[in-house]
Structures are given as structure tokens and as C-alpha cells.
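Some notes on the structure that comes next.
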Amino acid sequence: MGSRKSKVCLFGTSANPPTGDGGHTGIVKALSRLEYFHEIRVIPVYRHNFSSKRNELEAFNHRYKMCQLSFGSISKVIVSDAERTLFERKTESMSDVQKENVRVGTAELLEMLREEEPESEFSFCLGADTFVDLTSLKWKRSADVLRLLEGRLVVFSRKGTNINTKEQIELVNQRQGVDALLLEVDTLTDVSSSMIRACKDDKILQTSLSPSVLEYMKAHHLFAFSPQS
């Protein structure tokens, strides 16, 4: 029965903006090459859980569209608005003031997905530092997240992963019953979304973003191309 389940790897990102082969796109491409997964589902963050940081996020519709541009042509990849759907369900009868205090957590998202897709088997892709936080139970409902995933995690890292990271993953797998896989992505660089947001240098942007994302940013005056920047 289990072998017939659709194996879906979830990759959550703020996509503010989604970076190219040196970042988000390289990770998604590497995930898509793993034969184990039938689907790679990219889930852009709908809104930041901390109100003080929400102004840092570009409008969801822009970030969702840039994800489609950056990842849409990669095999097995789907861009999902699941976080928006969950938020809207939770806040359907609330006022705008009440909505300000609503947070959408990973455990709640997994609960919704498992209820809607009982024949899917979900894994979760995250970076090494985030992996440590989750398995150290620093996330909200960390234990529930691990339970709902049945321990299935994919930890991405640059090629030539630090030996301490490898040992940490092995230790967590042994001690906590987690089933974490290390995914070394040979295209990863030190590119970051925060760096891109402040940059207008075409040479840097062309090597850091998918061409269609850069074109979209310019056309819609996003980030450093905003008249206010």
C-alpha cells in the first residue's frame, strides 16, 4: 500500500525573490533529479509569522509568479499556494485586525495537506541550520512536524558538506528515529535573496536570477527597481 503512495517533497521558501541556480532554483533542480520523488512542491510563504518582518516581503502574488517563472519548467515541480489557502480558511470570519495575530505553522500546513491528500507521502526539504532547529524542537510544534512527516527530511547543502553536518544528520537519524537524507547541491553559491533585493547591477543579477525573474522584477518595479528604493 505504502509503495503506491505519491511521494511529494515540500520546499517552503519566502521567494523574496527566488534565486537562480546558485540558490533556490539549484536546490529545486537537484530535488527534481531524485528518482524517489514523484513531485516537488514549492510552497511560497504567504506572510511572515512575525508582524515586524512582514513589510520585508513583497506582495504574495508577485512572489508566487516569480516562483512559477523560476521553477515552472523544471520536471516534476508544482508551485502551490497552500499557505495562502490555509490562512484564508483560518481567517474567513475574522476582521483585518484579528487577522494580524494569525500565524500559519508548518504543522497546520501538513495537517491540511494530509487530510486533503491521504494517498500522498510528504517529505520536507530544508537547510542544515533549519534542520538543527527543527530536530532540536525549536520550531512551533516541532514534534508534530516530525510526526506528520514520519521523519522524512531532505537536508540540502553545498558540495563538500562539512563533516560535522554529516555526523549531525547521522546522529539525529539514529537517536530520534528521523529519516533525513543529505542532498549536496553542486551549484550552490553564497547568493541570497537579501543581497538581490538591494542590487541593481545587471551583471550580478543576471548570474544570480533566472532571466525571466529578472525581467519580471524590472517590469513590475520590484525591490531595487522600485521608485522608492
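Residue numbering restarts at 1 for every chain of the C-alpha cells, chains are lettered A, B, ... in their displayed order, and ligands are numbered from 1 as they appear.
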Would you mind listing what lies within 10 Å of segment 199-212 of chain A as number ranges by chain, with only C-alpha atoms counted and same-chain residues fewer than 3 positions away left out?
A: 17-25, 66, 68-71, 189-196, 215-218, 223-225
For the alpha helix (DSSP H) assignment from backbone DSSP, which residues of segment 94-150 of chain A qualify? Please present them as a PyMOL selection string.
chain A and resi 96-99+106-116+128-135+142-148
May I have the residues from that selection written out with C-alpha atoms, as a PDB file, in the first residue's frame?
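Now in out_20.pdb:
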```pdb
ATOM      1  CA  ASP A  96      -8.461  42.633   9.456  1.00  0.00           C
ATOM      2  CA  VAL A  97      -7.338  43.469  12.990  1.00  0.00           C
ATOM      3  CA  GLN A  98      -7.863  39.885  14.140  1.00  0.00           C
ATOM      4  CA  LYS A  99      -6.002  38.542  11.111  1.00  0.00           C
ATOM      5  CA  THR A 106       4.223  24.061   9.285  1.00  0.00           C
ATOM      6  CA  ALA A 107       2.345  21.517  11.396  1.00  0.00           C
ATOM      7  CA  GLU A 108      -1.006  23.047  10.430  1.00  0.00           C
ATOM      8  CA  LEU A 109       0.006  23.058   6.776  1.00  0.00           C
ATOM      9  CA  LEU A 110       0.977  19.387   6.937  1.00  0.00           C
ATOM     10  CA  GLU A 111      -2.299  18.535   8.655  1.00  0.00           C
ATOM     11  CA  MET A 112      -4.249  20.220   5.855  1.00  0.00           C
ATOM     12  CA  LEU A 113      -2.233  18.504   3.126  1.00  0.00           C
ATOM     13  CA  ARG A 114      -2.503  15.059   4.727  1.00  0.00           C
ATOM     14  CA  GLU A 115      -6.260  15.468   5.116  1.00  0.00           C
ATOM     15  CA  GLU A 116      -6.685  16.562   1.509  1.00  0.00           C
ATOM     16  CA  ALA A 128      21.291  22.406   7.546  1.00  0.00           C
ATOM     17  CA  ASP A 129      20.741  25.174  10.111  1.00  0.00           C
ATOM     18  CA  THR A 130      16.966  24.848   9.874  1.00  0.00           C
ATOM     19  CA  PHE A 131      17.291  21.082  10.220  1.00  0.00           C
ATOM     20  CA  VAL A 132      19.142  21.579  13.503  1.00  0.00           C
ATOM     21  CA  ASP A 133      16.461  23.962  14.782  1.00  0.00           C
ATOM     22  CA  LEU A 134      13.631  21.587  13.857  1.00  0.00           C
ATOM     23  CA  THR A 135      15.219  18.467  15.313  1.00  0.00           C
ATOM     24  CA  SER A 142       8.363  20.665  16.172  1.00  0.00           C
ATOM     25  CA  ALA A 143       7.449  17.201  17.442  1.00  0.00           C
ATOM     26  CA  ASP A 144       4.181  17.310  15.489  1.00  0.00           C
ATOM     27  CA  VAL A 145       6.003  18.355  12.315  1.00  0.00           C
ATOM     28  CA  LEU A 146       8.370  15.389  12.603  1.00  0.00           C
ATOM     29  CA  ARG A 147       5.473  13.047  13.403  1.00  0.00           C
ATOM     30  CA  LEU A 148       3.365  14.237  10.480  1.00  0.00           C
TER      31      LEU A 148
END
```
Select, from A:Lys76, A:Arg89, A:Arg197, A:His38, the residue with the minimum atom-to-atom distance to Leu57 of chain A, counting only C-alpha atoms.
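So, comparing all the options, the nearest one is A:Arg197.
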For segment 172-185 of chain A, please output as a tab-separated table (two decimals) with N, CA and C atoms, in the first residue's frame all residues within 10 Å (counting only C-alpha atoms; exclusion window: fewer than 3 positions along the same chain).
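As written to disk, selection06.tsv reads:
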```
chain	number	residue	atom	x	y	z
A	21	ASP	N	20.31	29.34	-10.14
A	21	ASP	CA	20.96	28.05	-9.94
A	21	ASP	C	21.89	28.05	-8.74
A	22	GLY	N	22.37	29.21	-8.32
A	22	GLY	CA	23.22	29.30	-7.15
A	22	GLY	C	22.45	29.26	-5.84
A	23	GLY	N	21.11	29.23	-5.94
A	23	GLY	CA	20.27	29.24	-4.74
A	23	GLY	C	19.04	28.37	-4.91
A	26	GLY	N	18.61	26.07	-8.02
A	26	GLY	CA	19.55	24.95	-7.99
A	26	GLY	C	19.08	23.85	-7.05
A	27	ILE	N	18.52	24.24	-5.91
A	27	ILE	CA	18.01	23.27	-4.95
A	27	ILE	C	16.83	22.50	-5.55
A	28	VAL	N	15.90	23.23	-6.16
A	28	VAL	CA	14.72	22.59	-6.74
A	28	VAL	C	15.11	21.65	-7.88
A	29	LYS	N	16.08	22.06	-8.69
A	29	LYS	CA	16.54	21.18	-9.78
A	29	LYS	C	17.15	19.90	-9.21
A	30	ALA	N	17.94	20.05	-8.15
A	30	ALA	CA	18.56	18.87	-7.53
A	30	ALA	C	17.50	17.93	-6.96
A	31	LEU	N	16.47	18.50	-6.33
A	31	LEU	CA	15.37	17.69	-5.81
A	31	LEU	C	14.65	16.95	-6.94
A	34	LEU	N	16.03	13.59	-8.04
A	34	LEU	CA	15.93	12.43	-7.16
A	34	LEU	C	14.78	11.54	-7.62
A	123	SER	N	7.50	14.57	2.29
A	123	SER	CA	8.82	14.84	2.87
A	123	SER	C	9.00	16.35	2.86
A	124	PHE	N	10.02	16.81	3.58
A	124	PHE	CA	10.23	18.25	3.72
A	124	PHE	C	11.70	18.57	3.48
A	125	CYS	N	11.98	19.53	2.60
A	125	CYS	CA	13.34	19.93	2.29
A	125	CYS	C	13.70	21.20	3.04
A	126	LEU	N	14.87	21.21	3.66
A	126	LEU	CA	15.30	22.37	4.44
A	126	LEU	C	16.83	22.42	4.52
A	127	GLY	N	17.36	23.59	4.89
A	127	GLY	CA	18.80	23.75	5.01
A	127	GLY	C	19.33	23.16	6.30
A	128	ALA	N	20.66	23.06	6.39
A	128	ALA	CA	21.29	22.41	7.55
A	128	ALA	C	20.97	23.11	8.86
A	131	PHE	N	17.39	22.47	9.79
A	131	PHE	CA	17.29	21.08	10.22
A	131	PHE	C	17.65	20.95	11.70
A	132	VAL	N	18.72	21.62	12.10
A	132	VAL	CA	19.14	21.58	13.50
A	132	VAL	C	18.07	22.18	14.40
A	135	THR	N	14.97	19.70	14.55
A	135	THR	CA	15.22	18.47	15.31
A	135	THR	C	15.65	18.75	16.75
A	136	SER	N	16.00	20.02	17.04
A	136	SER	CA	16.24	20.43	18.44
A	136	SER	C	14.95	20.92	19.09
A	146	LEU	N	7.62	16.61	12.85
A	146	LEU	CA	8.37	15.39	12.60
A	146	LEU	C	7.45	14.17	12.54
A	147	ARG	N	6.43	14.16	13.40
A	147	ARG	CA	5.47	13.05	13.40
A	147	ARG	C	4.67	13.01	12.11
A	149	LEU	N	5.44	14.15	9.25
A	149	LEU	CA	6.32	13.79	8.13
A	149	LEU	C	6.84	12.37	8.27
A	150	GLU	N	6.57	11.75	9.42
A	150	GLU	CA	7.14	10.44	9.74
A	150	GLU	C	8.66	10.48	9.61
A	151	GLY	N	9.22	11.64	9.97
A	151	GLY	CA	10.67	11.82	10.00
A	151	GLY	C	11.34	12.04	8.66
A	152	ARG	N	10.57	12.14	7.59
A	152	ARG	CA	11.16	12.24	6.25
A	152	ARG	C	11.63	13.67	5.96
A	153	LEU	N	12.94	13.86	5.91
A	153	LEU	CA	13.53	15.17	5.67
A	153	LEU	C	14.62	15.05	4.61
A	154	VAL	N	14.76	16.13	3.83
A	154	VAL	CA	15.88	16.25	2.89
A	154	VAL	C	16.65	17.51	3.29
A	155	VAL	N	17.91	17.34	3.61
A	155	VAL	CA	18.73	18.45	4.08
A	155	VAL	C	19.69	18.85	2.96
A	156	PHE	N	19.49	20.06	2.41
A	156	PHE	CA	20.37	20.48	1.32
A	156	PHE	C	21.60	21.20	1.86
A	157	SER	N	22.68	21.06	1.09
A	157	SER	CA	23.95	21.67	1.48
A	157	SER	C	24.80	21.86	0.24
A	158	ARG	N	25.81	22.70	0.34
A	158	ARG	CA	26.76	22.84	-0.76
A	158	ARG	C	27.56	21.55	-0.92
A	159	LYS	N	28.12	21.37	-2.11
A	159	LYS	CA	29.01	20.24	-2.36
A	159	LYS	C	30.19	20.32	-1.40
A	160	GLY	N	30.58	19.18	-0.85
A	160	GLY	CA	31.67	19.19	0.11
A	160	GLY	C	31.17	19.57	1.49
A	161	THR	N	30.08	18.95	1.90
A	161	THR	CA	29.46	19.27	3.18
A	161	THR	C	30.42	19.08	4.34
A	165	THR	N	28.26	18.42	9.82
A	165	THR	CA	26.87	18.37	9.37
A	165	THR	C	26.46	16.94	9.07
A	166	LYS	N	27.32	16.20	8.38
A	166	LYS	CA	27.03	14.81	8.06
A	166	LYS	C	26.85	13.98	9.34
A	167	GLU	N	27.75	14.20	10.30
A	167	GLU	CA	27.68	13.45	11.55
A	167	GLU	C	26.42	13.80	12.33
A	168	GLN	N	26.03	15.08	12.27
A	168	GLN	CA	24.84	15.53	12.98
A	168	GLN	C	23.59	14.87	12.42
A	169	ILE	N	23.51	14.80	11.09
A	169	ILE	CA	22.37	14.15	10.44
A	169	ILE	C	22.31	12.68	10.82
A	188	LEU	N	25.30	25.39	-5.67
A	188	LEU	CA	25.03	26.40	-4.64
A	188	LEU	C	26.22	27.34	-4.44
A	189	THR	N	25.88	28.63	-4.33
A	189	THR	CA	26.87	29.67	-4.05
A	189	THR	C	26.40	30.43	-2.81
```
